[in-house]
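Text of final-v4.txt, listed as compact mmCIF, C-alpha atoms:
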# COMPACT_ATOMS: atom_id res chain seq x y z
CA GLN A 1 57.57 297.27 288.47
CA LYS A 2 56.34 296.01 285.11
CA GLU A 3 58.50 293.36 283.48
CA VAL A 4 58.63 295.37 280.23
CA GLU A 5 58.59 299.17 280.36
CA GLN A 6 57.93 301.36 277.32
CA ASP A 7 57.43 305.09 276.97
CA PRO A 8 53.85 305.51 275.65
CA GLY A 9 54.65 308.73 273.79
CA PRO A 10 53.06 310.06 271.70
CA LEU A 11 56.04 310.65 269.43
CA SER A 12 55.82 312.87 266.33
CA VAL A 13 58.67 313.22 263.83
CA PRO A 14 58.95 314.70 260.32
CA GLU A 15 58.99 312.42 257.30
CA GLY A 16 62.48 311.13 256.50
CA ALA A 17 63.76 311.34 260.07
CA ILE A 18 65.31 308.44 261.97
CA VAL A 19 63.01 307.14 264.67
CA SER A 20 64.27 305.47 267.84
CA LEU A 21 61.85 303.46 269.97
CA ASN A 22 62.99 301.90 273.23
CA CYS A 23 62.00 299.48 275.96
CA THR A 24 63.59 298.15 279.10
CA TYR A 25 62.91 294.84 280.76
CA SER A 26 63.60 293.35 284.17
CA ASN A 27 63.29 289.57 283.71
CA SER A 28 66.74 288.09 283.07
CA ALA A 29 65.13 284.91 281.75
CA PHE A 30 63.78 286.65 278.65
CA GLN A 31 65.46 285.28 275.53
CA TYR A 32 63.25 286.46 272.65
CA PHE A 33 62.52 290.10 271.93
CA MET A 34 59.88 291.25 269.48
CA TRP A 35 58.55 294.43 267.94
CA TYR A 36 54.94 294.52 266.82
CA ARG A 37 53.27 297.28 264.80
CA GLN A 38 49.61 298.03 265.36
CA TYR A 39 47.56 300.32 263.17
CA SER A 40 44.52 301.97 264.68
CA ARG A 41 41.68 299.52 265.44
CA LYS A 42 43.65 296.58 264.04
CA GLY A 43 45.47 293.61 265.49
CA PRO A 44 49.25 293.82 265.99
CA GLU A 45 51.56 292.37 263.35
CA LEU A 46 55.09 291.17 263.95
CA LEU A 47 57.79 293.47 262.56
CA MET A 48 60.93 291.79 263.82
CA TYR A 49 62.20 289.46 266.48
CA THR A 50 65.65 288.96 267.95
CA TYR A 51 67.04 286.06 269.91
CA SER A 52 69.37 287.06 272.76
CA SER A 53 71.67 290.05 272.23
CA GLY A 54 72.64 291.71 268.98
CA ASN A 55 71.29 293.57 265.99
CA LYS A 56 68.92 292.53 263.26
CA GLU A 57 68.17 294.55 260.16
CA ASP A 58 65.24 294.31 257.75
CA GLY A 59 65.00 297.05 255.19
CA ARG A 60 64.48 300.37 256.96
CA PHE A 61 64.07 298.68 260.35
CA THR A 62 66.81 297.67 262.80
CA ALA A 63 66.16 295.88 266.08
CA GLN A 64 68.79 295.96 268.78
CA VAL A 65 69.00 294.10 272.09
CA ASP A 66 71.54 294.74 274.84
CA LYS A 67 71.04 292.05 277.47
CA SER A 68 73.71 293.53 279.76
CA SER A 69 71.62 296.66 280.23
CA LYS A 70 68.24 294.98 279.52
CA TYR A 71 67.53 297.46 276.75
CA ILE A 72 65.53 296.87 273.56
CA SER A 73 65.51 299.31 270.64
CA LEU A 74 63.87 299.66 267.25
CA PHE A 75 65.25 302.13 264.71
CA ILE A 76 63.30 303.24 261.64
CA ARG A 77 65.30 304.94 258.90
CA ASP A 78 63.79 307.24 256.27
CA SER A 79 60.49 307.26 258.14
CA GLN A 80 57.31 307.39 256.05
CA PRO A 81 53.75 308.52 256.90
CA SER A 82 52.74 304.87 256.51
CA ASP A 83 54.93 304.09 259.55
CA SER A 84 52.46 306.00 261.73
CA ALA A 85 51.18 303.39 264.18
CA THR A 86 51.59 302.11 267.71
CA TYR A 87 54.76 300.07 268.22
CA LEU A 88 54.75 297.40 270.91
CA CYS A 89 57.83 295.67 272.26
CA ALA A 90 57.43 292.18 273.73
CA SER A 91 59.60 289.55 275.35
CA SER A 92 59.36 285.86 276.19
CA ASN A 93 61.36 283.18 277.93
CA PHE A 94 61.16 280.79 275.02
CA GLY A 95 60.07 281.03 271.42
CA ASN A 96 56.62 279.63 271.96
CA GLU A 97 55.79 280.81 275.43
CA LYS A 98 53.45 283.60 276.39
CA LEU A 99 54.59 287.12 275.58
CA THR A 100 54.99 290.04 277.96
CA PHE A 101 54.20 293.32 276.22
CA GLY A 102 55.19 296.91 276.82
CA THR A 103 52.48 299.54 276.83
CA GLY A 104 53.18 300.59 273.23
CA THR A 105 54.47 303.88 271.77
CA ARG A 106 52.19 305.81 269.46
CA LEU A 107 54.23 307.20 266.55
CA THR A 108 53.14 309.82 264.01
CA ILE A 109 55.23 310.66 260.95
CA ILE A 110 54.42 314.15 259.73
CA PRO A 111 54.53 314.61 255.91
CA ASP B 1 43.45 282.55 252.84
CA GLY B 2 44.98 281.42 256.13
CA GLY B 3 44.44 283.57 259.17
CA ILE B 4 42.58 284.34 262.35
CA THR B 5 39.04 285.65 262.43
CA GLN B 6 37.31 287.26 265.35
CA SER B 7 33.64 288.08 265.60
CA PRO B 8 31.88 290.30 266.12
CA LYS B 9 34.01 293.36 265.41
CA TYR B 10 31.96 295.50 267.80
CA LEU B 11 29.91 294.18 270.71
CA PHE B 12 27.69 296.00 273.16
CA ARG B 13 26.62 294.45 276.42
CA LYS B 14 24.42 295.48 279.27
CA GLU B 15 25.80 295.20 282.77
CA GLY B 16 25.15 291.78 284.29
CA GLN B 17 25.16 289.91 280.98
CA ASN B 18 27.63 287.28 279.87
CA VAL B 19 28.96 287.57 276.32
CA THR B 20 31.06 285.21 274.21
CA LEU B 21 33.71 286.39 271.76
CA SER B 22 34.55 284.12 268.88
CA CYS B 23 38.07 283.29 267.65
CA GLU B 24 38.75 280.88 264.78
CA GLN B 25 42.04 280.06 263.03
CA ASN B 26 42.83 277.97 259.97
CA LEU B 27 46.60 278.09 260.36
CA ASN B 28 46.74 274.63 261.96
CA HIS B 29 48.30 276.19 265.05
CA ASP B 30 48.29 274.31 268.33
CA ALA B 31 48.53 277.33 270.64
CA MET B 32 45.93 280.07 271.01
CA TYR B 33 45.81 283.14 273.23
CA TRP B 34 43.42 285.84 274.42
CA TYR B 35 44.67 289.32 275.27
CA ARG B 36 42.95 292.42 276.51
CA GLN B 37 44.16 295.86 275.40
CA ASP B 38 43.36 299.05 277.31
CA PRO B 39 44.70 302.53 276.55
CA GLY B 40 48.11 303.04 278.12
CA GLN B 41 48.39 299.43 279.33
CA GLY B 42 49.48 297.46 276.32
CA LEU B 43 48.33 293.87 275.88
CA ARG B 44 47.60 291.71 278.92
CA LEU B 45 47.20 287.95 278.70
CA ILE B 46 43.84 286.56 279.82
CA TYR B 47 44.04 282.83 278.95
CA TYR B 48 46.09 280.62 276.68
CA SER B 49 45.88 277.10 275.39
CA GLN B 50 48.67 275.00 273.92
CA ILE B 51 46.59 271.95 273.10
CA VAL B 52 42.98 270.95 272.65
CA ASN B 53 41.03 270.44 275.90
CA ASP B 54 43.69 272.21 277.96
CA PHE B 55 44.16 275.87 278.86
CA GLN B 56 45.93 278.00 281.47
CA LYS B 57 45.14 281.27 283.18
CA GLY B 58 47.10 284.31 282.15
CA ASP B 59 47.73 287.44 284.18
CA ILE B 60 44.14 288.72 284.33
CA ALA B 61 41.85 285.65 284.11
CA GLU B 62 39.34 286.71 286.78
CA GLY B 63 35.88 287.24 285.31
CA TYR B 64 36.68 285.36 282.10
CA SER B 65 36.28 281.76 280.95
CA VAL B 66 37.42 279.84 277.86
CA SER B 67 37.04 276.47 276.20
CA ARG B 68 39.17 274.62 273.67
CA GLU B 69 37.09 271.80 272.26
CA LYS B 70 38.50 272.11 268.75
CA LYS B 71 41.97 273.01 267.53
CA GLU B 72 40.58 275.79 265.35
CA SER B 73 38.43 277.51 267.94
CA PHE B 74 39.09 279.28 271.26
CA PRO B 75 36.01 281.25 272.39
CA LEU B 76 36.24 283.68 275.30
CA THR B 77 33.30 284.35 277.62
CA VAL B 78 33.26 287.62 279.50
CA THR B 79 31.14 286.99 282.56
CA SER B 80 29.21 289.40 284.74
CA ALA B 81 31.95 288.91 287.36
CA GLN B 82 34.35 290.97 285.21
CA LYS B 83 34.07 294.41 286.79
CA ASN B 84 35.49 296.50 283.97
CA PRO B 85 34.97 294.58 280.72
CA THR B 86 35.01 297.50 278.25
CA ALA B 87 38.18 296.94 276.21
CA PHE B 88 39.65 295.77 272.91
CA TYR B 89 40.04 291.97 272.90
CA LEU B 90 42.65 290.29 270.73
CA CYS B 91 43.01 286.62 269.89
CA ALA B 92 46.30 285.16 268.69
CA SER B 93 47.69 281.79 267.66
CA SER B 94 51.09 280.21 267.13
CA SER B 95 52.59 276.85 266.31
CA THR B 96 54.47 274.98 269.02
CA ARG B 97 57.47 273.68 267.15
CA LEU B 98 60.40 273.47 269.52
CA SER B 99 63.18 274.21 267.06
CA SER B 100 62.63 277.89 266.39
CA TYR B 101 60.78 281.01 267.35
CA ASN B 102 57.06 280.73 266.81
CA GLU B 103 55.41 283.98 265.84
CA GLN B 104 52.09 284.85 267.38
CA PHE B 105 49.61 285.90 264.71
CA PHE B 106 46.83 288.21 265.82
CA GLY B 107 43.24 288.52 264.74
CA PRO B 108 41.58 291.87 263.97
CA GLY B 109 40.10 292.21 267.47
CA THR B 110 36.68 292.69 269.05
CA ARG B 111 35.79 295.96 270.74
CA LEU B 112 33.48 295.28 273.68
CA THR B 113 31.53 298.12 275.26
CA VAL B 114 29.42 297.72 278.37
CA LEU B 115 26.44 300.04 278.44

Would you mind giving the structure from this file in structure tokens?
Amino acid sequence: QKEVEQDPGPLSVPEGAIVSLNCTYSNSAFQYFMWYRQYSRKGPELLMYTYSSGNKEDGRFTAQVDKSSKYISLFIRDSQPSDSATYLCASSNFGNEKLTFGTGTRLTIIP
Amino acid sequence: DGGITQSPKYLFRKEGQNVTLSCEQNLNHDAMYWYRQDPGQGLRLIYYSQIVNDFQKGDIAEGYSVSREKKESFPLTVTSAQKNPTAFYLCASSSTRLSSYNEQFFGPGTRLTVL
């Protein structure tokens, strides 16, 4: 079993829809949870990170962690074609330790 | 501009040859990382270094080697012992402050193809 599991998709939704991306993890020691966005043929860039359980909001993006069920979510409101990318969840034991990534979900927003 | 540079962007190698991928950062970060990305497998850690002249194996180090002689540089050599080297290689760096989360910043990647 992989430590971080993520549905690879692909996922296609119409512009303006709410997008829900999800991951599960198995390592109870994970404390930090990240979402990276990766455009085609580019390096990933950090979207959001969350420490422990709870919600974090940044503009149209909301990250949610439920440590009791080991579930990580990213919600995108009012989705735009520019949101089309691969979204990678990642977790780590500490803030500056190595990251464990999910496989990534490829998202396409249809105009 | 501060950031991470990787070169070359595309690299072609014949079977049996060693190749070295370059990674340079001017962010004054102590920690540097090499990942490999394959379709459907996400990013897998090859090697990482948290200080000059020291590095640790990641999850898939076999067939790879690294050096960390300077803080700014962390080159990766893909040796002929790596059986399936065709992949997208990503370098990252982060600071190592203990008081808060330290984001890993990624370079643009090098796509290696073995002919």

Write out as a ChimeraX atom specification every residue belonging to chain A that has an atom at most 9 Å from any atom of chain B, counting all atoms listed in the file.
-> /A:8,32,41-46,49,51,88,94-104

Can you work out which one of B:Gln82, B:Asn18, B:Ser73, B:Val66 has the shortest atom-to-atom distance to Gln6 of chain B, counting only C-alpha atoms?
->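 Among B:Gln82, B:Asn18, B:Ser73, B:Val66, it is B:Ser73 that comes nearest to Gln6 of chain B.
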
Restricting the calculation to all atoms listed in the file, which member of B:Leu76, B:Leu11, B:Leu115, B:Ile4 is positioned closest to Asn26 of chain B?
->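 Under the stated criterion, the closest residue is B:Ile4.
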
Rounded to one decimal place, report the atom CA of Phe75 of chain A-atom CA of Arg60 of chain A distance in Å.
-> 8.0 Å

Kindly give the distance, in Å, that separates atom CA of Ser79 of chain A and atom CA of Glu15 of chain A, rounded to a single decimal.
->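 That distance, rounded to one decimal, is 5.4 Å.
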
All heavy atoms are what I want for segment 6-17 of chain B; can you complete it accordingly and write them as a PDB file, in the frame of the given file?
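The file below, selection_0.pdb, is the result:
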ATOM      1  N   GLN B   6      37.980 286.976 264.099  1.00  0.00           N
ATOM      2  CA  GLN B   6      37.310 287.260 265.350  1.00  0.00           C
ATOM      3  C   GLN B   6      35.952 287.878 265.031  1.00  0.00           C
ATOM      4  O   GLN B   6      35.829 288.696 264.120  1.00  0.00           O
ATOM      5  CB  GLN B   6      38.115 288.237 266.214  1.00  0.00           C
ATOM      6  CG  GLN B   6      39.394 287.657 266.772  1.00  0.00           C
ATOM      7  CD  GLN B   6      40.077 288.627 267.713  1.00  0.00           C
ATOM      8  OE1 GLN B   6      41.183 289.080 267.470  1.00  0.00           O
ATOM      9  NE2 GLN B   6      39.408 288.935 268.818  1.00  0.00           N
ATOM     10  N   SER B   7      34.961 287.478 265.795  1.00  0.00           N
ATOM     11  CA  SER B   7      33.640 288.080 265.600  1.00  0.00           C
ATOM     12  C   SER B   7      32.934 288.196 266.941  1.00  0.00           C
ATOM     13  O   SER B   7      33.163 287.399 267.853  1.00  0.00           O
ATOM     14  CB  SER B   7      32.808 287.237 264.626  1.00  0.00           C
ATOM     15  OG  SER B   7      32.612 285.932 265.138  1.00  0.00           O
ATOM     16  N   PRO B   8      32.068 289.211 267.072  1.00  0.00           N
ATOM     17  CA  PRO B   8      31.880 290.300 266.120  1.00  0.00           C
ATOM     18  C   PRO B   8      33.001 291.328 266.211  1.00  0.00           C
ATOM     19  O   PRO B   8      33.833 291.238 267.110  1.00  0.00           O
ATOM     20  CB  PRO B   8      30.542 290.897 266.558  1.00  0.00           C
ATOM     21  CG  PRO B   8      30.534 290.677 268.038  1.00  0.00           C
ATOM     22  CD  PRO B   8      31.210 289.357 268.268  1.00  0.00           C
ATOM     23  N   LYS B   9      33.001 292.316 265.352  1.00  0.00           N
ATOM     24  CA  LYS B   9      34.010 293.360 265.410  1.00  0.00           C
ATOM     25  C   LYS B   9      33.691 294.332 266.548  1.00  0.00           C
ATOM     26  O   LYS B   9      34.595 294.811 267.245  1.00  0.00           O
ATOM     27  CB  LYS B   9      34.053 294.113 264.084  1.00  0.00           C
ATOM     28  CG  LYS B   9      35.198 295.095 263.970  1.00  0.00           C
ATOM     29  CD  LYS B   9      35.275 295.670 262.573  1.00  0.00           C
ATOM     30  CE  LYS B   9      36.482 296.614 262.461  1.00  0.00           C
ATOM     31  NZ  LYS B   9      36.599 297.190 261.081  1.00  0.00           N
ATOM     32  N   TYR B  10      32.420 294.635 266.714  1.00  0.00           N
ATOM     33  CA  TYR B  10      31.960 295.500 267.800  1.00  0.00           C
ATOM     34  C   TYR B  10      30.865 294.747 268.567  1.00  0.00           C
ATOM     35  O   TYR B  10      30.021 294.087 267.960  1.00  0.00           O
ATOM     36  CB  TYR B  10      31.384 296.815 267.273  1.00  0.00           C
ATOM     37  CG  TYR B  10      32.384 297.668 266.530  1.00  0.00           C
ATOM     38  CD1 TYR B  10      32.459 297.630 265.143  1.00  0.00           C
ATOM     39  CD2 TYR B  10      33.265 298.485 267.213  1.00  0.00           C
ATOM     40  CE1 TYR B  10      33.381 298.405 264.460  1.00  0.00           C
ATOM     41  CE2 TYR B  10      34.194 299.264 266.545  1.00  0.00           C
ATOM     42  CZ  TYR B  10      34.243 299.220 265.166  1.00  0.00           C
ATOM     43  OH  TYR B  10      35.153 299.978 264.491  1.00  0.00           O
ATOM     44  N   LEU B  11      30.876 294.876 269.880  1.00  0.00           N
ATOM     45  CA  LEU B  11      29.910 294.180 270.710  1.00  0.00           C
ATOM     46  C   LEU B  11      29.512 295.095 271.859  1.00  0.00           C
ATOM     47  O   LEU B  11      30.374 295.671 272.526  1.00  0.00           O
ATOM     48  CB  LEU B  11      30.517 292.889 271.247  1.00  0.00           C
ATOM     49  CG  LEU B  11      29.642 291.932 272.036  1.00  0.00           C
ATOM     50  CD1 LEU B  11      28.433 291.504 271.211  1.00  0.00           C
ATOM     51  CD2 LEU B  11      30.449 290.712 272.475  1.00  0.00           C
ATOM     52  N   PHE B  12      28.198 295.187 272.071  1.00  0.00           N
ATOM     53  CA  PHE B  12      27.690 296.000 273.160  1.00  0.00           C
ATOM     54  C   PHE B  12      26.955 295.077 274.130  1.00  0.00           C
ATOM     55  O   PHE B  12      26.210 294.190 273.728  1.00  0.00           O
ATOM     56  CB  PHE B  12      26.745 297.080 272.616  1.00  0.00           C
ATOM     57  CG  PHE B  12      27.429 298.035 271.706  1.00  0.00           C
ATOM     58  CD1 PHE B  12      27.487 297.788 270.330  1.00  0.00           C
ATOM     59  CD2 PHE B  12      28.046 299.173 272.196  1.00  0.00           C
ATOM     60  CE1 PHE B  12      28.140 298.670 269.477  1.00  0.00           C
ATOM     61  CE2 PHE B  12      28.697 300.055 271.347  1.00  0.00           C
ATOM     62  CZ  PHE B  12      28.745 299.802 269.988  1.00  0.00           C
ATOM     63  N   ARG B  13      27.189 295.327 275.399  1.00  0.00           N
ATOM     64  CA  ARG B  13      26.620 294.450 276.420  1.00  0.00           C
ATOM     65  C   ARG B  13      26.050 295.297 277.542  1.00  0.00           C
ATOM     66  O   ARG B  13      26.620 296.332 277.896  1.00  0.00           O
ATOM     67  CB  ARG B  13      27.710 293.542 276.967  1.00  0.00           C
ATOM     68  CG  ARG B  13      27.235 292.487 277.960  1.00  0.00           C
ATOM     69  CD  ARG B  13      28.401 291.848 278.699  1.00  0.00           C
ATOM     70  NE  ARG B  13      28.629 292.484 279.992  1.00  0.00           N
ATOM     71  CZ  ARG B  13      29.489 292.036 280.884  1.00  0.00           C
ATOM     72  NH1 ARG B  13      30.225 290.987 280.617  1.00  0.00           N
ATOM     73  NH2 ARG B  13      29.645 292.668 282.030  1.00  0.00           N
ATOM     74  N   LYS B  14      24.954 294.828 278.078  1.00  0.00           N
ATOM     75  CA  LYS B  14      24.420 295.480 279.270  1.00  0.00           C
ATOM     76  C   LYS B  14      25.098 294.905 280.494  1.00  0.00           C
ATOM     77  O   LYS B  14      25.522 293.732 280.499  1.00  0.00           O
ATOM     78  CB  LYS B  14      22.903 295.252 279.366  1.00  0.00           C
ATOM     79  CG  LYS B  14      22.096 295.963 278.289  1.00  0.00           C
ATOM     80  CD  LYS B  14      20.628 295.707 278.496  1.00  0.00           C
ATOM     81  CE  LYS B  14      19.798 296.412 277.431  1.00  0.00           C
ATOM     82  NZ  LYS B  14      18.338 296.158 277.611  1.00  0.00           N
ATOM     83  N   GLU B  15      25.198 295.688 281.522  1.00  0.00           N
ATOM     84  CA  GLU B  15      25.800 295.200 282.770  1.00  0.00           C
ATOM     85  C   GLU B  15      25.046 293.973 283.266  1.00  0.00           C
ATOM     86  O   GLU B  15      23.820 293.908 283.186  1.00  0.00           O
ATOM     87  CB  GLU B  15      25.747 296.291 283.837  1.00  0.00           C
ATOM     88  CG  GLU B  15      26.831 297.325 283.683  1.00  0.00           C
ATOM     89  CD  GLU B  15      26.947 298.230 284.901  1.00  0.00           C
ATOM     90  OE1 GLU B  15      26.619 297.766 286.012  1.00  0.00           O
ATOM     91  OE2 GLU B  15      27.341 299.380 284.734  1.00  0.00           O
ATOM     92  N   GLY B  16      25.778 292.979 283.762  1.00  0.00           N
ATOM     93  CA  GLY B  16      25.150 291.780 284.290  1.00  0.00           C
ATOM     94  C   GLY B  16      24.980 290.662 283.289  1.00  0.00           C
ATOM     95  O   GLY B  16      24.561 289.559 283.642  1.00  0.00           O
ATOM     96  N   GLN B  17      25.290 290.942 282.007  1.00  0.00           N
ATOM     97  CA  GLN B  17      25.160 289.910 280.980  1.00  0.00           C
ATOM     98  C   GLN B  17      26.496 289.259 280.686  1.00  0.00           C
ATOM     99  O   GLN B  17      27.540 289.918 280.699  1.00  0.00           O
ATOM    100  CB  GLN B  17      24.636 290.538 279.685  1.00  0.00           C
ATOM    101  CG  GLN B  17      23.180 290.936 279.719  1.00  0.00           C
ATOM    102  CD  GLN B  17      22.724 291.505 278.387  1.00  0.00           C
ATOM    103  OE1 GLN B  17      23.520 292.020 277.617  1.00  0.00           O
ATOM    104  NE2 GLN B  17      21.434 291.415 278.125  1.00  0.00           N
TER     105      GLN B  17
END
